[in-house]
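This report refers to the structure that appears directly beneath it.
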Amino acid sequence: MKAVVETRELTKRFGDHYALAGLTMTVPRGQIVGFLGRNGSGKTTTIKILLDVVRRTSGEATVLGEPTGSVAVRRRIGFLGEDKRFYSYMTVREIIAFTRPFFPTWRVETETRLLMDFELPLNRKVSTLSKGMRTKLGLLLNLCRHSELLILDEPSEGLDPVMAEQMLQSLVRQAADGTTIFFSSHQVAEVEQIADHVIAIEHGRVILEGSLDDLRKKFRRVNLVFDDPPPPEAFRRDGVDRVIVQGRTISILASCNVDELAALGPLLAAKSVDVQPVGLKELFLEKVKADHANS
Amino acid sequence: MPIRKVWRESRWRFLFILAALLIVTSASVFYNAKAESVVIESKDFHEAGVRTIQGALFLFWGFSAMFLGLGGFLRERAVGSVDYTLSLPVSRTRWFLYRSLNGALQAMAAALIPALSVSVIAALSGGDYPVGDALLLGLRLGLGGMLFYSVGLLASTLFAGDFTSAGIGIAVVFAVNNSTRVIESLKRLNLQDAITPMYMIDRSTFLIRGQMPWSGIAFSFALSLVLSAWAWRVTIARDF
């Protein structure tokens, strides 16, 4: 599986603050990749570095095999920013006409179809469009390019549920056409809805990475109830991410050795042992908590 | 394509400045402050013309040229469109080049057109002012005063916020004009004198006599290139 985006030990410092602190990640080709993180975790900074809007402090980053900043690469990618701001002085027609010549792979038939689907008013100034309309315009400007990689920063931010759903479905259709979608979000539900692959970051570092299916298969929560709980250290071993003691219950988040942990329950006189799958939201929250505990 | 964007962004500002400069030029030509008389009665367009280009037009154009230099990526960051611009397959250098050349051409046009309008106004009013003199003085104003334009260009790449960069630009233009007028040791660096050396203007006809010196203008223009190169370096290196 070839990567479309790769970063290695990427750092970005703003004054004394590290927005990225050694970010190493890989975005696989042909997938929908959700870039998950809390507000201020470094998602936008990462995306801006990939687009060369912000310069990295150290580390390496490549997009479609080229270093960031390559003009040739920008011809092969699309980008929709969080604010979805375009040139306010242009009309919808003008900004489409302005953008079209930059991209040799622009498909006029897609443009015509999306103009009808999105019901965009061609003669309206961009400055008078609502955020929802600007999102539609941004999608049109990007989807017509048929680029290899589409990067979106918080695409559903500020959209109503209907528009957000329309937008997510547009991304799924585009991915089916072979475009890799890399989108940032702090909404676990929408990542879980459309992503094949997840990269979660916190404090500018990756805390979780993998295909959604693998993560779902790999992680389990083991709940053990005791009359007299043993110390949490008894459960510390490879694959154990977090051990929480709540009264008589010990809850363990584990990525492997689940059977061994479950078998440990009866040996330590557990009254009940329960193994449950872990959802992405729970997994993400646990990883964030673990990161805070470690730092 | 990029040139369409930079023109669209700047055209109303340019046209407004041009209109304002034409009004200032007309008013100055018709009322020659030096003679304290209405020129149209005296038909003395030679003196009024040269004093207009050297005085009112120089002053107002200097500030206007600085305003024409404002804009760029920091301005786009403020209005939120910089991410879109920088995601397009155009290098920062090319964007900078298009913007700076578009602005420089506008600044030059804003010097030449009002200067040439002196000849037109004179002709329409039954007098005359040589087109050659107007063209030469306008050209010298545009080339020598390009320093003011590059001050605006640099200020808008160093400081975010329209008011900050404009304020700093105005202060620099004001300081350059006044310090070289007031401080004795700096007087030979005065841009106004370099652009229109009054000793090269015939005192009786108020027309240009002989070959005007270009060294002052060349120095000022070179300095404006240095400031522009500095602005380019900042544009290349900074985060948006």
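For the structure tokens, the naming scheme is as follows: chains receive sequential letters (A, B, ...) according to their order of presentation, residues are indexed from 1 within each chain, and ligands are indexed from 1 in presentation order.
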
For this session: Do a neighbour search on stretch 71-80 of chain B at 8 Å with only C-alpha atoms, toss out local chain neighbours closer than 3 positions, and write the hits as a PyMOL selection string.
Result: (chain A and resi 83+85-86) or (chain B and resi 83+96+99+153+156-157+159-162+235+240)

For the residues selected in the previous step, produce a file with C-alpha atoms as an mmCIF file, in the first residue's frame.
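Everything below was put into again-v3.cif:
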```
data_model
loop_
_atom_site.group_PDB
_atom_site.id
_atom_site.type_symbol
_atom_site.label_atom_id
_atom_site.label_comp_id
_atom_site.auth_asym_id
_atom_site.auth_seq_id
_atom_site.Cartn_x
_atom_site.Cartn_y
_atom_site.Cartn_z
ATOM 1 C CA ASP A 83 -13.552 28.595 7.020
ATOM 2 C CA ARG A 85 -13.373 31.399 2.492
ATOM 3 C CA PHE A 86 -12.825 32.295 -1.139
ATOM 4 C CA ASP B 83 -5.350 29.033 2.430
ATOM 5 C CA PHE B 96 4.537 38.028 -5.203
ATOM 6 C CA ARG B 99 1.187 41.418 -7.181
ATOM 7 C CA LEU B 153 4.858 46.570 -0.252
ATOM 8 C CA SER B 156 2.209 44.934 4.258
ATOM 9 C CA THR B 157 4.449 41.850 4.298
ATOM 10 C CA PHE B 159 2.800 43.813 9.603
ATOM 11 C CA ALA B 160 -0.598 42.182 9.761
ATOM 12 C CA GLY B 161 -3.602 44.482 9.727
ATOM 13 C CA ASP B 162 -4.470 47.122 7.182
ATOM 14 C CA THR B 235 6.848 36.411 1.791
ATOM 15 C CA PHE B 240 0.343 32.246 6.840
#
```

Exercise. Using only C-alpha atoms, which chain B residues lie at most 7 Å away from chain A, written as a VMD selection string?
Worked result: chain B and resid 1 80 to 81 83 to 84 86 to 91 239 to 240

Could you write out the selected residues, including C-alpha atoms, as a compact mmCIF listing (two decimals), in the first residue's frame?
```
# COMPACT_ATOMS: atom_id res chain seq x y z
CA MET B 1 -4.85 33.55 -14.21
CA GLY B 80 -9.59 34.15 5.32
CA SER B 81 -8.75 33.41 1.68
CA ASP B 83 -5.35 29.03 2.43
CA TYR B 84 -7.20 28.84 -0.86
CA LEU B 86 -1.68 29.10 -1.37
CA SER B 87 -3.28 25.75 -2.16
CA LEU B 88 -3.40 26.67 -5.85
CA PRO B 89 -0.51 25.44 -8.01
CA VAL B 90 1.29 28.77 -8.07
CA SER B 91 4.50 29.43 -6.16
CA ASP B 239 3.83 31.28 7.89
CA PHE B 240 0.34 32.25 6.84
```

Problem set entry | stretch 34-45 of chain A environment, 7 Å, only C-alpha atoms, sequence neighbours closer than 2 positions dropped, as a list in words |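 Skipping anything fewer than 2 positions along the chain leaves Ala19, Leu20, Ile32, Ile47, Lys48, Ile49, Asp153, Phe182, Phe183, Ser184, Ser185, His186, Val191, Ala195, His197, Val198, Ile199, Ala200, Ile201, Glu202, His203 and Gly204 of chain A.
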
For this session: Would you mind writing down, as an NGL selection string, each residue of stretch 37-126 of chain A that DSSP on the backbone assigns to alpha helix (DSSP H)?
Result: :A and (43-50 or 71-74 or 92-99 or 108-118)

For this session: Could you please determine the separation between atom CA of B:Gly103 and atom CA of B:Tyr149 in Å, to one decimal place?
Result: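 Calculated distance between atom CA of B:Gly103 and atom CA of B:Tyr149 is 7.9 Å.
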
Distance query stretch 146-148 of chain B at most 6 Å, only C-alpha atoms, self and fewer than 3 positions along chain excluded, as a PDB file with N, CA and C atoms, in the first residue's frame:
```
ATOM      1  N   GLY B  62       2.837  60.262  -3.628  1.00  0.00           N
ATOM      2  CA  GLY B  62       3.719  59.523  -2.714  1.00  0.00           C
ATOM      3  C   GLY B  62       2.916  58.644  -1.761  1.00  0.00           C
ATOM      4  N   ALA B  65       0.991  55.921  -3.803  1.00  0.00           N
ATOM      5  CA  ALA B  65       1.851  54.804  -4.223  1.00  0.00           C
ATOM      6  C   ALA B  65       2.069  53.843  -3.067  1.00  0.00           C
ATOM      7  N   MET B  66       2.230  54.428  -1.873  1.00  0.00           N
ATOM      8  CA  MET B  66       2.394  53.566  -0.697  1.00  0.00           C
ATOM      9  C   MET B  66       1.138  52.708  -0.502  1.00  0.00           C
ATOM     10  N   GLY B 142       7.304  58.653 -11.276  1.00  0.00           N
ATOM     11  CA  GLY B 142       6.972  57.234 -11.148  1.00  0.00           C
ATOM     12  C   GLY B 142       8.182  56.375 -10.801  1.00  0.00           C
ATOM     13  N   LEU B 143       9.310  56.644 -11.433  1.00  0.00           N
ATOM     14  CA  LEU B 143      10.514  55.830 -11.183  1.00  0.00           C
ATOM     15  C   LEU B 143      11.164  56.179  -9.844  1.00  0.00           C
ATOM     16  N   VAL B 151       7.817  50.817   0.000  1.00  0.00           N
ATOM     17  CA  VAL B 151       7.600  50.938   1.453  1.00  0.00           C
ATOM     18  C   VAL B 151       6.258  50.282   1.808  1.00  0.00           C
ATOM     19  N   SER B 224      14.375  51.023  -3.879  1.00  0.00           N
ATOM     20  CA  SER B 224      13.034  50.414  -3.901  1.00  0.00           C
ATOM     21  C   SER B 224      13.125  48.943  -4.302  1.00  0.00           C
TER      22      SER B 224
END
```

For this session: Work out how far apart atom CA of B:Ser204 and atom CA of B:Arg51 are and give it in Å to one decimal.
Result: 13.7 Å

For this session: DSSP on the backbone, then: every residue of stretch 4-219 of chain B marked strand (DSSP E or B), written as a PyMOL selection string.
Result: chain B and resi 31-32+37-38+201+208

Save out the residues we just selected, C-alpha atoms, as an mmCIF file, in the first residue's frame.
```cif
data_model
loop_
_atom_site.group_PDB
_atom_site.id
_atom_site.type_symbol
_atom_site.label_atom_id
_atom_site.label_comp_id
_atom_site.auth_asym_id
_atom_site.auth_seq_id
_atom_site.Cartn_x
_atom_site.Cartn_y
_atom_site.Cartn_z
ATOM 1 C CA TYR B 31 -5.252 77.462 -8.851
ATOM 2 C CA ASN B 32 -1.576 78.141 -8.789
ATOM 3 C CA SER B 37 -4.170 83.686 -8.825
ATOM 4 C CA VAL B 38 -6.563 81.663 -10.896
ATOM 5 C CA ILE B 201 13.619 74.419 -14.834
ATOM 6 C CA ILE B 208 12.827 71.910 -18.654
#
```

Exercise. Got a sec: who's within 10 Å of B:Trp214, counting only C-alpha atoms, leaving out chain neighbours fewer than 6 positions off, as a list in words?
Worked result: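 Here the answer would be Arg140, Gly144, Ala194, Ile195 and Ser220 of chain B.
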